[in-house]
file coords.txt (compact mmCIF, C-alpha atoms and all ligand atoms)
# COMPACT_ATOMS: atom_id res chain seq x y z
CA MET A 594 173.87 -125.92 0.51
CA GLU A 595 170.61 -127.45 -0.70
CA TYR A 596 167.92 -127.68 1.96
CA SER A 597 165.52 -130.59 1.52
CA PHE A 598 162.89 -131.31 4.19
CA SER A 599 162.85 -135.05 3.45
CA HIS A 600 166.66 -135.12 3.81
CA TYR A 601 166.26 -133.30 7.15
CA LEU A 602 163.74 -135.94 8.32
CA LEU A 603 166.15 -138.71 7.26
CA SER A 604 169.03 -137.03 9.11
CA LYS A 605 166.85 -136.65 12.23
CA GLN A 606 166.35 -140.42 12.63
CA SER A 607 169.54 -141.19 14.57
CA VAL A 608 169.03 -138.11 16.78
CA ASP A 609 165.47 -139.22 17.60
CA ASP A 610 166.56 -142.86 18.15
CA ARG A 611 168.81 -141.70 21.01
CA ALA A 612 166.35 -139.13 22.30
CA LEU A 613 163.15 -141.19 22.63
CA ASN A 614 162.48 -141.78 26.31
CA GLN A 615 163.05 -145.48 27.01
CA HIS A 616 160.98 -145.49 30.23
CA VAL A 617 157.98 -144.23 28.25
CA TYR A 618 158.72 -146.64 25.38
CA GLN A 619 158.89 -149.61 27.79
CA HIS A 620 155.47 -148.64 29.16
CA LEU A 621 154.18 -148.56 25.60
CA GLN A 622 155.62 -152.02 24.87
CA ALA A 623 154.09 -153.42 28.06
CA SER A 624 150.69 -151.79 27.54
CA LEU A 625 149.90 -152.67 23.93
CA PRO A 626 147.13 -155.27 23.61
CA GLN A 627 147.87 -158.65 22.03
CA GLY A 628 146.46 -159.29 18.59
CA PRO A 629 146.12 -157.15 15.49
CA LEU A 630 146.64 -153.45 16.13
CA ARG A 631 145.31 -150.43 14.33
CA ILE A 632 147.82 -147.58 14.55
CA ILE A 633 147.34 -144.04 13.28
CA GLU A 634 150.39 -141.78 13.07
CA VAL A 635 149.66 -138.09 12.54
CA GLY A 636 152.20 -135.64 11.07
CA ALA A 637 154.15 -138.76 10.11
CA GLY A 638 156.50 -137.10 7.61
CA ILE A 639 158.25 -139.66 5.38
CA GLY A 640 157.52 -142.65 7.67
CA SER A 641 160.62 -142.67 9.91
CA MET A 642 158.66 -143.80 12.98
CA LEU A 643 157.15 -146.75 11.09
CA ILE A 644 160.64 -147.83 10.01
CA ARG A 645 161.93 -147.37 13.58
CA LEU A 646 159.13 -149.53 15.01
CA LEU A 647 159.75 -152.22 12.37
CA LYS A 648 163.46 -152.17 13.36
CA TRP A 649 162.65 -152.20 17.07
CA GLY A 650 160.27 -155.17 16.64
CA LEU A 651 157.21 -153.46 18.12
CA LEU A 652 154.89 -154.42 15.27
CA GLY A 653 153.44 -157.91 14.84
CA GLN A 654 150.12 -157.90 13.01
CA ALA A 655 149.07 -154.32 12.41
CA GLU A 656 147.42 -151.80 10.16
CA TYR A 657 149.53 -148.61 10.22
CA ILE A 658 148.00 -145.44 8.81
CA LEU A 659 150.46 -142.69 8.16
CA VAL A 660 148.91 -139.21 7.77
CA ASP A 661 150.85 -136.18 6.51
CA GLU A 662 149.71 -133.09 4.66
CA MET A 663 152.83 -132.62 2.51
CA PRO A 664 152.55 -134.46 -0.84
CA GLU A 665 156.39 -134.54 -1.08
CA ASN A 666 156.60 -136.46 2.22
CA ILE A 667 153.98 -139.02 1.17
CA ALA A 668 155.64 -139.42 -2.25
CA TYR A 669 159.00 -139.98 -0.53
CA ALA A 670 157.42 -142.51 1.88
CA ALA A 671 155.85 -144.39 -1.05
CA GLY A 672 159.33 -145.06 -2.48
CA TRP A 673 161.43 -145.25 0.67
CA ILE A 674 159.35 -147.63 2.82
CA PRO A 675 159.12 -150.49 0.29
CA GLY A 676 162.78 -149.97 -0.66
CA TRP A 677 163.88 -150.20 2.98
CA ALA A 678 161.59 -153.17 3.65
CA GLY A 679 162.89 -155.10 0.62
CA GLU A 680 166.51 -154.48 1.65
CA ASN A 681 165.73 -155.69 5.15
CA GLY A 682 164.24 -159.06 4.30
CA LEU A 683 160.55 -158.16 4.30
CA GLN A 684 158.18 -159.22 1.54
CA VAL A 685 156.54 -156.16 0.01
CA LYS A 686 153.20 -156.27 -1.81
CA PRO A 687 151.37 -153.19 -3.07
CA SER A 688 147.70 -153.26 -2.00
CA PRO A 689 144.77 -151.19 -3.27
CA GLY A 690 144.22 -147.66 -1.90
CA ASN A 691 147.84 -146.44 -1.62
CA CYS A 692 148.64 -149.39 0.69
CA LEU A 693 151.64 -151.66 1.09
CA ARG A 694 151.73 -154.99 2.84
CA LEU A 695 155.02 -155.79 4.59
CA THR A 696 155.47 -159.34 5.85
CA ASN A 697 158.00 -161.77 7.22
CA SER A 698 157.67 -164.77 9.56
CA LYS A 699 156.99 -162.49 12.56
CA MET A 700 155.24 -159.47 11.04
CA ASP A 701 152.30 -158.65 8.87
CA VAL A 702 151.89 -154.88 8.58
CA LEU A 703 149.50 -153.18 6.22
CA VAL A 704 150.73 -149.60 5.68
CA ARG A 705 148.32 -146.97 4.38
CA LEU A 706 149.67 -143.62 3.19
CA GLU A 707 147.22 -140.72 3.60
CA CYS A 708 148.14 -137.35 2.17
CA ALA A 709 145.75 -135.13 4.15
CA ASP A 710 145.45 -132.37 6.67
CA VAL A 711 144.94 -134.41 9.82
CA PHE A 712 141.85 -132.40 10.83
CA ASP A 713 140.21 -133.16 7.46
CA PHE A 714 141.17 -136.80 8.00
CA ILE A 715 139.45 -136.70 11.43
CA ARG A 716 136.31 -135.16 9.89
CA ARG A 717 136.04 -138.25 7.67
CA ALA A 718 135.44 -140.17 10.96
CA PRO A 719 138.01 -142.93 10.47
CA GLN A 720 137.71 -146.08 12.52
CA PRO A 721 139.50 -145.30 15.82
CA ALA A 722 142.93 -146.71 16.63
CA ASP A 723 144.44 -148.85 19.37
CA LEU A 724 147.43 -146.52 19.25
CA LEU A 725 147.79 -142.91 18.12
CA ILE A 726 151.33 -141.69 17.47
CA ALA A 727 152.25 -138.00 17.22
CA HIS A 728 156.02 -137.58 16.95
CA ALA A 729 157.61 -134.11 16.70
CA PHE A 730 154.18 -132.77 15.79
CA LEU A 731 152.11 -131.45 18.72
CA ASP A 732 154.36 -128.43 19.33
CA LEU A 733 153.31 -127.13 15.89
CA LEU A 734 149.58 -127.03 16.64
CA PRO A 735 147.13 -124.74 18.45
CA MET A 736 146.51 -126.28 21.86
CA PRO A 737 144.52 -127.69 23.56
CA GLU A 738 141.82 -127.74 20.85
CA SER A 739 144.00 -129.77 18.44
CA LEU A 740 144.74 -132.33 21.13
CA ARG A 741 141.03 -132.85 21.80
CA GLU A 742 140.49 -133.64 18.10
CA LEU A 743 143.55 -135.87 17.80
CA LEU A 744 142.60 -137.91 20.86
CA SER A 745 139.23 -138.61 19.24
CA LEU A 746 141.20 -140.93 16.92
CA VAL A 747 141.84 -143.30 19.85
CA LYS A 748 139.35 -146.05 20.72
CA THR A 749 138.14 -146.65 24.28
CA ASP A 750 141.02 -148.21 26.22
CA GLY A 751 143.44 -147.25 23.44
CA LEU A 752 146.71 -145.37 23.91
CA ALA A 753 148.41 -142.27 22.58
CA TRP A 754 152.21 -142.07 22.38
CA LEU A 755 153.09 -138.37 22.09
CA THR A 756 156.80 -137.91 21.57
CA ILE A 757 159.46 -135.21 20.97
CA ASN A 758 157.39 -132.29 22.26
CA PHE A 759 159.70 -129.25 22.39
CA ASP A 760 160.00 -127.74 25.83
CA GLY A 761 161.67 -124.36 26.02
CA VAL A 762 165.42 -125.01 25.87
CA SER A 763 167.58 -124.98 22.77
CA THR A 764 171.24 -124.57 23.53
CA LEU A 765 174.13 -124.14 21.16
CA GLU A 766 177.68 -124.48 22.47
CA PRO A 767 180.33 -123.10 22.44
CA VAL A 768 179.01 -119.62 23.15
CA ILE A 769 179.71 -117.01 20.45
CA ASP A 770 178.43 -113.92 22.22
CA PRO A 771 176.41 -114.48 25.43
CA VAL A 772 174.07 -111.53 24.84
CA LEU A 773 173.43 -112.27 21.15
CA ASP A 774 173.14 -116.04 21.77
CA ALA A 775 170.51 -115.45 24.47
CA ALA A 776 168.61 -112.93 22.29
CA ILE A 777 168.58 -115.37 19.36
CA GLU A 778 167.36 -118.26 21.52
CA GLN A 779 164.62 -116.08 23.00
CA ARG A 780 163.45 -114.73 19.61
CA TYR A 781 163.61 -118.21 18.08
CA HIS A 782 161.30 -119.52 20.80
CA ARG A 783 159.02 -116.53 20.40
CA SER A 784 158.73 -117.28 16.66
CA MET A 785 157.38 -120.74 17.60
CA ASP A 786 154.78 -119.14 19.90
CA THR A 787 153.57 -116.64 17.30
CA ARG A 788 153.31 -118.84 14.18
CA PRO A 789 149.91 -118.17 12.54
CA SER A 790 149.31 -121.95 12.26
CA GLY A 791 149.88 -122.46 16.00
CA GLY A 792 152.71 -123.75 18.14
CA ASP A 793 154.17 -123.57 21.62
CA SER A 794 157.83 -123.35 22.61
CA GLN A 795 156.90 -124.92 25.97
CA ALA A 796 154.62 -127.59 24.57
CA GLY A 797 156.17 -130.38 26.67
CA ARG A 798 155.42 -128.95 30.13
CA HIS A 799 152.03 -127.59 29.02
CA LEU A 800 150.90 -131.06 27.92
CA PHE A 801 150.50 -132.08 31.58
CA GLY A 802 147.74 -129.51 32.00
CA HIS A 803 146.20 -130.00 28.55
CA LEU A 804 146.01 -133.78 29.00
CA SER A 805 144.51 -133.50 32.46
CA GLY A 806 141.94 -130.97 31.13
CA LEU A 807 140.91 -133.53 28.51
CA ASN A 808 140.69 -136.38 31.04
CA ALA A 809 143.59 -138.22 29.41
CA LYS A 810 145.48 -140.27 31.99
CA ILE A 811 149.27 -140.05 31.79
CA GLN A 812 150.76 -143.56 32.04
CA ALA A 813 154.38 -142.41 31.71
CA ALA A 814 156.29 -139.24 30.90
CA GLY A 815 159.92 -138.26 30.55
CA ALA A 816 162.51 -136.15 28.75
CA SER A 817 163.50 -136.90 25.16
CA ASP A 818 166.23 -134.33 24.62
CA TRP A 819 168.14 -134.06 21.39
CA VAL A 820 171.86 -134.08 22.18
CA VAL A 821 174.03 -133.72 19.10
CA HIS A 822 177.82 -133.58 19.30
CA ALA A 823 180.82 -134.83 17.36
CA ILE A 824 183.06 -137.70 18.43
CA ASP A 825 186.72 -137.23 17.42
CA GLY A 826 185.59 -134.31 15.26
CA LYS A 827 182.92 -136.30 13.38
CA TYR A 828 179.15 -136.24 13.84
CA LEU A 829 177.31 -139.56 13.82
CA ALA A 830 175.35 -140.71 10.77
CA ASP A 831 174.05 -137.65 8.87
CA GLU A 832 173.88 -135.39 11.94
CA ALA A 833 176.08 -132.64 10.43
CA TYR A 834 173.25 -132.14 7.89
CA PHE A 835 170.71 -132.23 10.73
CA LEU A 836 172.61 -129.38 12.46
CA GLN A 837 172.85 -127.37 9.23
CA PHE A 838 169.08 -127.71 8.89
CA ILE A 839 168.51 -126.56 12.46
CA LEU A 840 170.50 -123.41 11.62
CA HIS A 841 168.34 -123.06 8.49
CA PHE A 842 165.26 -123.05 10.78
CA TYR A 843 166.91 -120.28 12.83
CA GLU A 844 167.62 -118.30 9.66
CA GLN A 845 164.07 -118.71 8.34
CA SER A 846 162.49 -117.79 11.68
CA LEU A 847 164.68 -114.80 12.54
CA SER A 848 165.32 -113.12 9.18
CA GLY A 849 163.32 -109.92 9.00
CA GLN A 850 162.73 -109.73 12.76
CA PRO A 851 163.44 -106.13 13.79
CA GLU A 852 165.07 -107.06 17.13
CA ILE A 853 167.97 -108.96 15.54
CA GLU A 854 170.20 -106.86 13.34
CA PRO A 855 170.51 -108.67 9.93
CA ARG A 856 174.29 -108.38 9.79
CA ALA A 857 174.68 -109.71 13.33
CA LEU A 858 172.44 -112.68 12.46
CA ALA A 859 174.34 -113.42 9.22
CA ASP A 860 177.67 -113.26 11.06
CA TRP A 861 176.34 -115.50 13.87
CA LEU A 862 175.07 -118.08 11.32
CA THR A 863 178.44 -118.07 9.50
CA LYS A 864 180.25 -118.73 12.78
CA ARG A 865 177.81 -121.48 13.80
CA ARG A 866 178.13 -123.18 10.37
CA ALA A 867 181.91 -123.07 10.69
CA GLN A 868 181.57 -124.74 14.12
CA ILE A 869 179.71 -127.61 12.42
CA THR A 870 182.44 -127.94 9.78
CA ARG A 871 185.06 -128.15 12.54
CA GLY A 872 182.95 -130.65 14.54
CA GLU A 873 182.71 -128.20 17.46
CA LEU A 874 179.02 -127.38 17.62
CA VAL A 875 176.98 -129.03 20.36
CA TYR A 876 173.20 -128.74 20.15
CA ILE A 877 170.81 -129.63 22.97
CA ALA A 878 167.03 -129.28 22.70
CA HIS A 879 164.85 -130.20 25.65
CA GLN A 880 161.75 -132.21 24.73
CA MET A 881 159.24 -134.50 26.42
CA ASP A 882 157.50 -137.81 25.67
CA PHE A 883 154.17 -139.04 27.01
CA LEU A 884 152.17 -142.24 26.97
CA VAL A 885 148.52 -141.51 27.72
CA LYS A 886 145.18 -143.24 27.94
CA PRO A 887 142.42 -140.89 26.77
CA LEU A 888 139.40 -141.53 28.98
CA GLY A 889 137.09 -139.16 27.12
CA VAL A 890 135.56 -135.83 28.16
C1 LIG B 1 158.50 -131.75 12.32
S1 LIG B 1 157.78 -132.73 11.07
C2 LIG B 1 157.86 -134.33 11.83
C3 LIG B 1 157.65 -135.45 10.87
C4 LIG B 1 157.79 -136.85 11.45
N1 LIG B 1 156.89 -137.05 12.57
C5 LIG B 1 159.23 -137.09 11.88
O1 LIG B 1 159.54 -136.79 13.03
O2 LIG B 1 160.02 -137.57 11.06
C6 LIG B 1 156.05 -132.34 11.20
C7 LIG B 1 155.23 -132.96 10.11
O3 LIG B 1 153.86 -132.64 10.33
C8 LIG B 1 153.24 -132.44 9.08
N2 LIG B 1 152.04 -131.60 9.32
C9 LIG B 1 152.00 -130.34 9.81
N3 LIG B 1 150.71 -129.93 9.96
C10 LIG B 1 149.94 -130.97 9.56
C11 LIG B 1 148.54 -131.18 9.48
N4 LIG B 1 147.68 -130.22 9.87
N5 LIG B 1 148.07 -132.36 9.02
C12 LIG B 1 148.94 -133.33 8.65
N6 LIG B 1 150.28 -133.21 8.70
C13 LIG B 1 150.78 -132.04 9.16
C14 LIG B 1 154.30 -131.77 8.22
O4 LIG B 1 154.06 -131.95 6.84
C15 LIG B 1 155.56 -132.50 8.71
O5 LIG B 1 155.85 -133.62 7.91
call {"tool": "encode", "arguments": {"input": "coords.txt", "output": "structure tokens", "more": "lines below"}}
Ligand SMILES: C[S@@+](CC[C@H](N)C(=O)[O-])C[C@H]1O[C@@H](n2cnc3c(N)ncnc32)[C@H](O)[C@@H]1O
result
Amino acid sequence: MEYSFSHYLLSKQSVDDRALNQHVYQHLQASLPQGPLRIIEVGAGIGSMLIRLLKWGLLGQAEYILVDEMPENIAYAAGWIPGWAGENGLQVKPSPGNCLRLTNSKMDVLVRLECADVFDFIRRAPQPADLLIAHAFLDLLPMPESLRELLSLVKTDGLAWLTINFDGVSTLEPVIDPVLDAAIEQRYHRSMDTRPSGGDSQAGRHLFGHLSGLNAKIQAAGASDWVVHAIDGKYLADEAYFLQFILHFYEQSLSGQPEIEPRALADWLTKRRAQITRGELVYIAHQMDFLVKPLGV
């Protein structure tokens, strides 16, 4: 099987659509100011959240800056976003500076694609945003120092919508071997906690403390669990690929770890992949969403 990160991000869209906490999203909808918005999305990948918000009708007049450090993601976004917009009845005009203008009778969105490490982007002191979005991103970073920097991107009275923050539970059913399953889950979480670039397998629950320590007021919070299962033996959309990629993450994180015997891991992965092929595998990951108003420290 060929593993492509952009394909994984595409396959993740339908899983995230179901997972995003609607209570938190409704607070976001109700709290956004009228008038043109400046939105910065950090760790934005290929632009799935922008497309989701266009579909969900959240964006009227807006400038939407999409920051990601992977050139492949930005290159994919540069082709995918205008293609999607054209197919969905939006007028698309390229604008100077790696920008695209997407318009219809209700929307006028200027999209800017920034290929940059977000902390370098922050050092360039960009004009602050009405809304900061970090989706499936904060649990990869050293905390709370990264959060302090990211929240500096929000203007006074602005908002931050911080979604899909992993929070300590990743369950695969049916059980293969209770002892091995538990050991693999535990080691997988530990690999998130010990990544040299940062990360926290309990990022969701820890955000309450980190946000309070930075004087950011939580407006709404709730679970945004991924729940992936087959219906009549078939996974929705491209979710079989999504599950295969999740197993690829397990393989990458656990290979070479002395506590898990390589043959036991290989056998476990073979059995889990076969469960996907048969439409049996159920995957649940607990995550949390937040809407916050940074008040400054
Ligand atoms: C799990 S992916 C999520 C992508 C996107 N938010 C989504 O859910 O489709 C995390 C993304 O963060 C990006 N990333 C990681 N560290 C970054 C950094 N320091 N600056 C900018 N982007 C970063 C990666 O390239 C990757 O695209």
call {"tool": "residues_around", "arguments": {"input": "coords.txt", "residues": "Pro735 of chain A", "least_positions_apart": "5", "cutoff": "8 Å", "atoms": "only C-alpha atoms", "output": "count of residues only"}}
result
4
call {"tool": "residues_near_ligand", "arguments": {"input": "coords.txt", "ligand": "ligand LIG 1 (chain B)", "cutoff": "9 Å", "atoms": "only C-alpha atoms and all ligand atoms", "output": "PyMOL selection string"}}
result
chain A and resi 598-599+601-603+605-606+609+634-642+660-667+708-714+726-734+757+790
call {"tool": "closest_atom_pairs", "arguments": {"input": "coords.txt", "of": "segment 715-772 of chain A", "to": "segment 854-857 of chain A", "cutoff": "12 Å", "atoms": "only C-alpha atoms", "output": "CSV"}}
result
residue,atom,partner,partner_atom,distance
A:Ile769,CA,A:Ala857,CA,11.4
A:Asp770,CA,A:Ala857,CA,10.5
A:Val772,CA,A:Ala857,CA,11.7
call {"tool": "closest_residue", "arguments": {"input": "coords.txt", "among": "A:Ile853, A:Cys692, A:Leu630, A:Leu862", "to": "Ile674 of chain A", "atoms": "only C-alpha atoms"}}
result
A:Cys692
call {"tool": "residues_around", "arguments": {"input": "coords.txt", "residues": "segment 814-823 of chain A", "least_positions_apart": "4", "cutoff": "6 Å", "atoms": "all atoms listed in the file", "output": "ChimeraX atom specification"}}
result
/A:612-614,617,827-828,872,875-883
call {"tool": "residues_near_point", "arguments": {"input": "coords.txt", "point": "(181.2, -125.4, 10.2)", "cutoff": "12 Å", "atoms": "only C-alpha atoms", "output": "PyMOL selection string"}}
result
chain A and resi 823+826-828+833-834+836-837+840+861-875
call {"tool": "closest_residue", "arguments": {"input": "coords.txt", "among": "A:Ser624, A:Gln850, A:Gln654, A:Gln720", "to": "Leu695 of chain A", "atoms": "all atoms listed in the file"}}
result
A:Gln654
call {"tool": "closest_residue", "arguments": {"input": "coords.txt", "among": "A:Phe801, A:Val702, A:Lys748, A:Ile839", "to": "Thr764 of chain A", "atoms": "all atoms listed in the file"}}
result
A:Ile839
call {"tool": "atom_distance", "arguments": {"input": "coords.txt", "atom1": "atom CA of Asp750 of chain A", "atom2": "atom CA of Gln795 of chain A"}}
result
28.2 Å
call {"tool": "closest_residue", "arguments": {"input": "coords.txt", "among": "A:Arg716, A:Lys648, A:Arg631, A:Arg798", "to": "Leu683 of chain A", "atoms": "only C-alpha atoms"}}
result
A:Lys648
call {"tool": "closest_residue", "arguments": {"input": "coords.txt", "among": "A:Gln845, A:Ser604, A:Thr756, A:Ser763", "to": "Glu832 of chain A", "atoms": "only C-alpha atoms"}}
result
A:Ser604
call {"tool": "atom_distance", "arguments": {"input": "coords.txt", "atom1": "atom CA of Arg780 of chain A", "atom2": "atom CA of Ser846 of chain A"}}
result
8.6 Å
call {"tool": "atom_distance", "arguments": {"input": "coords.txt", "atom1": "atom CA of Thr787 of chain A", "atom2": "atom CA of His803 of chain A"}}
result
19.0 Å
call {"tool": "axis_aligned_box", "arguments": {"input": "coords.txt", "around": "segment 691-708 of chain A", "padding_each_side": "5 Å", "output": "AutoDock Vina command-line options"}}
result
--center_x 152.6 --center_y -151.1 --center_z 5.5 --size_x 20.8 --size_y 37.4 --size_z 24.2
call {"tool": "closest_residue", "arguments": {"input": "coords.txt", "among": "A:Gly653, A:Pro851, A:Gly797, A:Pro721", "to": "Pro629 of chain A", "atoms": "all atoms listed in the file"}}
result
A:Gly653
call {"tool": "decode", "arguments": {"input": "coords.txt", "residues": "segment 707-788 of chain A", "atoms": "C-alpha atoms", "output": "mmCIF file, in the first residue's frame"}}
result
data_model
loop_
_atom_site.group_PDB
_atom_site.id
_atom_site.type_symbol
_atom_site.label_atom_id
_atom_site.label_comp_id
_atom_site.auth_asym_id
_atom_site.auth_seq_id
_atom_site.Cartn_x
_atom_site.Cartn_y
_atom_site.Cartn_z
ATOM 1 C CA GLU A 707 1.979 30.380 3.522
ATOM 2 C CA CYS A 708 4.557 27.617 3.483
ATOM 3 C CA ALA A 709 6.335 28.332 6.778
ATOM 4 C CA ASP A 710 7.130 27.055 10.212
ATOM 5 C CA VAL A 711 4.404 28.768 12.206
ATOM 6 C CA PHE A 712 6.881 30.145 14.761
ATOM 7 C CA ASP A 713 8.900 31.801 11.964
ATOM 8 C CA PHE A 714 5.611 33.161 10.626
ATOM 9 C CA ILE A 715 4.846 34.620 14.085
ATOM 10 C CA ARG A 716 8.307 36.220 14.261
ATOM 11 C CA ARG A 717 7.426 38.160 11.103
ATOM 12 C CA ALA A 718 4.756 39.875 13.281
ATOM 13 C CA PRO A 719 1.759 39.377 10.991
ATOM 14 C CA GLN A 720 -1.302 41.524 11.501
ATOM 15 C CA PRO A 721 -3.341 39.730 14.208
ATOM 16 C CA ALA A 722 -6.496 37.792 13.380
ATOM 17 C CA ASP A 723 -10.144 37.908 14.430
ATOM 18 C CA LEU A 724 -10.014 34.120 14.519
ATOM 19 C CA LEU A 725 -7.130 31.685 14.978
ATOM 20 C CA ILE A 726 -7.797 28.075 13.991
ATOM 21 C CA ALA A 727 -5.584 25.176 15.094
ATOM 22 C CA HIS A 728 -7.107 21.852 14.032
ATOM 23 C CA ALA A 729 -5.401 18.529 14.864
ATOM 24 C CA PHE A 730 -2.244 20.509 15.575
ATOM 25 C CA LEU A 731 -1.736 21.525 19.224
ATOM 26 C CA ASP A 732 -1.111 17.959 20.435
ATOM 27 C CA LEU A 733 2.060 17.935 18.291
ATOM 28 C CA LEU A 734 3.686 20.934 19.986
ATOM 29 C CA PRO A 735 5.622 21.656 23.187
ATOM 30 C CA MET A 736 3.173 23.174 25.643
ATOM 31 C CA PRO A 737 2.371 25.668 27.043
ATOM 32 C CA GLU A 738 5.089 27.801 25.409
ATOM 33 C CA SER A 739 3.772 27.129 21.879
ATOM 34 C CA LEU A 740 0.256 28.108 22.910
ATOM 35 C CA ARG A 741 1.484 31.449 24.264
ATOM 36 C CA GLU A 742 3.079 32.219 20.875
ATOM 37 C CA LEU A 743 0.097 31.019 18.849
ATOM 38 C CA LEU A 744 -2.364 33.081 20.874
ATOM 39 C CA SER A 745 -0.293 36.178 20.085
ATOM 40 C CA LEU A 746 -1.754 35.842 16.562
ATOM 41 C CA VAL A 747 -5.194 36.803 17.905
ATOM 42 C CA LYS A 748 -6.247 40.453 18.158
ATOM 43 C CA THR A 749 -7.825 41.916 21.302
ATOM 44 C CA ASP A 750 -11.373 40.546 21.537
ATOM 45 C CA GLY A 751 -10.562 37.923 18.895
ATOM 46 C CA LEU A 752 -11.187 34.190 19.229
ATOM 47 C CA ALA A 753 -9.251 30.955 18.939
ATOM 48 C CA TRP A 754 -10.975 27.750 17.830
ATOM 49 C CA LEU A 755 -8.721 24.871 18.919
ATOM 50 C CA THR A 756 -10.065 21.566 17.672
ATOM 51 C CA ILE A 757 -9.269 17.816 17.588
ATOM 52 C CA ASN A 758 -6.823 17.839 20.500
ATOM 53 C CA PHE A 759 -5.985 14.205 21.289
ATOM 54 C CA ASP A 760 -6.817 13.197 24.823
ATOM 55 C CA GLY A 761 -5.438 9.880 25.980
ATOM 56 C CA VAL A 762 -7.755 7.208 24.568
ATOM 57 C CA SER A 763 -7.290 5.331 21.314
ATOM 58 C CA THR A 764 -9.283 2.147 21.165
ATOM 59 C CA LEU A 765 -9.286 -0.536 18.522
ATOM 60 C CA GLU A 766 -12.017 -3.177 18.556
ATOM 61 C CA PRO A 767 -12.422 -6.136 18.406
ATOM 62 C CA VAL A 768 -9.680 -7.063 20.861
ATOM 63 C CA ILE A 769 -6.883 -9.248 19.451
ATOM 64 C CA ASP A 770 -4.967 -9.942 22.641
ATOM 65 C CA PRO A 771 -5.921 -7.870 25.715
ATOM 66 C CA VAL A 772 -2.368 -7.702 27.097
ATOM 67 C CA LEU A 773 -0.703 -6.877 23.763
ATOM 68 C CA ASP A 774 -3.472 -4.425 22.770
ATOM 69 C CA ALA A 775 -3.059 -2.546 26.064
ATOM 70 C CA ALA A 776 0.762 -2.538 25.763
ATOM 71 C CA ILE A 777 0.562 -1.194 22.202
ATOM 72 C CA GLU A 778 -1.893 1.558 23.159
ATOM 73 C CA GLN A 779 0.289 2.559 26.107
ATOM 74 C CA ARG A 780 3.538 2.612 24.074
ATOM 75 C CA TYR A 781 1.811 4.457 21.224
ATOM 76 C CA HIS A 782 0.730 7.192 23.632
ATOM 77 C CA ARG A 783 4.184 7.286 25.180
ATOM 78 C CA SER A 784 5.690 7.830 21.703
ATOM 79 C CA MET A 785 3.523 10.971 21.407
ATOM 80 C CA ASP A 786 4.822 12.226 24.768
ATOM 81 C CA THR A 787 8.482 11.673 23.910
ATOM 82 C CA ARG A 788 8.665 13.058 20.349
#
